[in-house]
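Working notes for the structure below.
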Amino acid sequence: MTTVLVIDDSPSEMAKFRDILVKNNFQVLEAINGEQGCAMAAEHLPDVILMDVVMPEMNGFQATRKITRGKTTAHIPVVMISTKTQETDRVWGKRQGAKEYMSKPVDERSLLDVIRKVTE
């Protein structure tokens with residue numbers, strides 16, 4: 001079973017991701033901020049991470065950089081999912097190590113396609 005770590009500070013967004021992922025037979029881990037997400041990534045080594053960008057303290061760009069450059073976590077693909085939709089945000093996200101960058105709201109089919117793509 002594929003394990004997905006969702007890092008998002010919005011309870012409603014977390015619930016949406018959880019519903020989609022559980023319904024499609026993924027194991028879901030949840031973190032409510034970048035700091036907690038980095039710690040959980042190192043502890044659980046999930047198959048993929050869904051990363052929000054706008055979060056307090058450590059934002060998604062910072063957390064992605066920390067995870068993708070970490071010795072034990074660098075192999076984990078990170079998919080950034082954000083309301084920040086400017087091309088500069090996408091480029092910056094990829095520069096931090098994200099494999100993909102999606103805009104909120106995401107539809108179920110697109111999300112599943114991206115997860116499959118980055119975990120193959």
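For the structure tokens, the naming scheme is as follows: chains receive sequential letters (A, B, ...) according to their order of presentation, residues are indexed from 1 within each chain, and ligands are indexed from 1 in presentation order.
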* Just the residues within 10 Å of segment 33-42 of chain A, please, counting only C-alpha atoms, with nothing from its chain fewer than 4 positions along; format it as a VMD selection string. => chain A and resid 4 to 10 29 46 to 68 70 to 74 76
* DSSP says helix (DSSP H, G or I) for which residues of chain A? Put them as a ChimeraX atom specification? -> /A:11-23,34-44,60-68,87-95,108-119
Suppose we keep C-alpha atoms; can you now write the selection as a PDB file, in the first residue's frame?
ATOM      1  CA  PRO A  11      -8.479  21.177   8.309  1.00  0.00           C
ATOM      2  CA  SER A  12     -10.916  21.328   5.370  1.00  0.00           C
ATOM      3  CA  GLU A  13      -8.174  20.726   2.783  1.00  0.00           C
ATOM      4  CA  MET A  14      -6.771  17.907   4.904  1.00  0.00           C
ATOM      5  CA  ALA A  15     -10.213  16.290   5.040  1.00  0.00           C
ATOM      6  CA  LYS A  16     -10.557  16.513   1.234  1.00  0.00           C
ATOM      7  CA  PHE A  17      -7.166  14.913   0.651  1.00  0.00           C
ATOM      8  CA  ARG A  18      -7.853  12.232   3.275  1.00  0.00           C
ATOM      9  CA  ASP A  19     -11.202  11.329   1.690  1.00  0.00           C
ATOM     10  CA  ILE A  20      -9.740  11.047  -1.816  1.00  0.00           C
ATOM     11  CA  LEU A  21      -6.695   9.077  -0.718  1.00  0.00           C
ATOM     12  CA  VAL A  22      -8.423   6.637   1.652  1.00  0.00           C
ATOM     13  CA  LYS A  23     -11.130   5.956  -0.944  1.00  0.00           C
ATOM     14  CA  GLY A  34       6.125  22.217   7.673  1.00  0.00           C
ATOM     15  CA  GLU A  35       8.139  21.477  10.797  1.00  0.00           C
ATOM     16  CA  GLN A  36       5.923  18.546  11.783  1.00  0.00           C
ATOM     17  CA  GLY A  37       5.877  17.374   8.159  1.00  0.00           C
ATOM     18  CA  CYS A  38       9.687  17.286   7.945  1.00  0.00           C
ATOM     19  CA  ALA A  39       9.872  15.274  11.167  1.00  0.00           C
ATOM     20  CA  MET A  40       7.207  12.825   9.971  1.00  0.00           C
ATOM     21  CA  ALA A  41       8.900  12.440   6.574  1.00  0.00           C
ATOM     22  CA  ALA A  42      12.154  11.450   8.299  1.00  0.00           C
ATOM     23  CA  GLU A  43      10.407   9.119  10.741  1.00  0.00           C
ATOM     24  CA  HIS A  44       7.967   7.346   8.379  1.00  0.00           C
ATOM     25  CA  GLY A  60       5.995  24.631   2.024  1.00  0.00           C
ATOM     26  CA  PHE A  61       8.947  25.913   0.012  1.00  0.00           C
ATOM     27  CA  GLN A  62      11.208  25.699   3.082  1.00  0.00           C
ATOM     28  CA  ALA A  63       9.885  22.269   4.085  1.00  0.00           C
ATOM     29  CA  THR A  64      10.262  20.928   0.541  1.00  0.00           C
ATOM     30  CA  ARG A  65      13.854  22.149   0.406  1.00  0.00           C
ATOM     31  CA  LYS A  66      14.628  20.512   3.770  1.00  0.00           C
ATOM     32  CA  ILE A  67      13.045  17.185   2.753  1.00  0.00           C
ATOM     33  CA  THR A  68      14.469  16.977  -0.774  1.00  0.00           C
ATOM     34  CA  GLU A  87       4.472  30.724 -12.826  1.00  0.00           C
ATOM     35  CA  THR A  88       7.165  32.071 -10.493  1.00  0.00           C
ATOM     36  CA  ASP A  89       5.665  29.972  -7.667  1.00  0.00           C
ATOM     37  CA  ARG A  90       5.780  26.840  -9.839  1.00  0.00           C
ATOM     38  CA  VAL A  91       9.372  27.519 -10.868  1.00  0.00           C
ATOM     39  CA  TRP A  92      10.425  28.238  -7.268  1.00  0.00           C
ATOM     40  CA  GLY A  93       8.689  25.062  -6.052  1.00  0.00           C
ATOM     41  CA  LYS A  94      10.564  22.959  -8.607  1.00  0.00           C
ATOM     42  CA  ARG A  95      13.835  24.654  -7.631  1.00  0.00           C
ATOM     43  CA  GLU A 108      -9.440  13.652  -7.740  1.00  0.00           C
ATOM     44  CA  ARG A 109      -8.385  12.270 -11.127  1.00  0.00           C
ATOM     45  CA  SER A 110      -5.554  14.794 -11.576  1.00  0.00           C
ATOM     46  CA  LEU A 111      -4.288  14.172  -8.051  1.00  0.00           C
ATOM     47  CA  LEU A 112      -4.245  10.399  -8.521  1.00  0.00           C
ATOM     48  CA  ASP A 113      -2.531  10.746 -11.908  1.00  0.00           C
ATOM     49  CA  VAL A 114       0.220  12.926 -10.423  1.00  0.00           C
ATOM     50  CA  ILE A 115       0.745  10.567  -7.457  1.00  0.00           C
ATOM     51  CA  ARG A 116       1.079   7.611  -9.845  1.00  0.00           C
ATOM     52  CA  LYS A 117       3.454   9.566 -12.075  1.00  0.00           C
ATOM     53  CA  VAL A 118       5.875  10.556  -9.287  1.00  0.00           C
ATOM     54  CA  THR A 119       5.850   7.166  -7.558  1.00  0.00           C
TER      55      THR A 119
END
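Going from atom CA of Thr3 of chain A to atom CA of Thr83 of chain A covers 24.0 Å.
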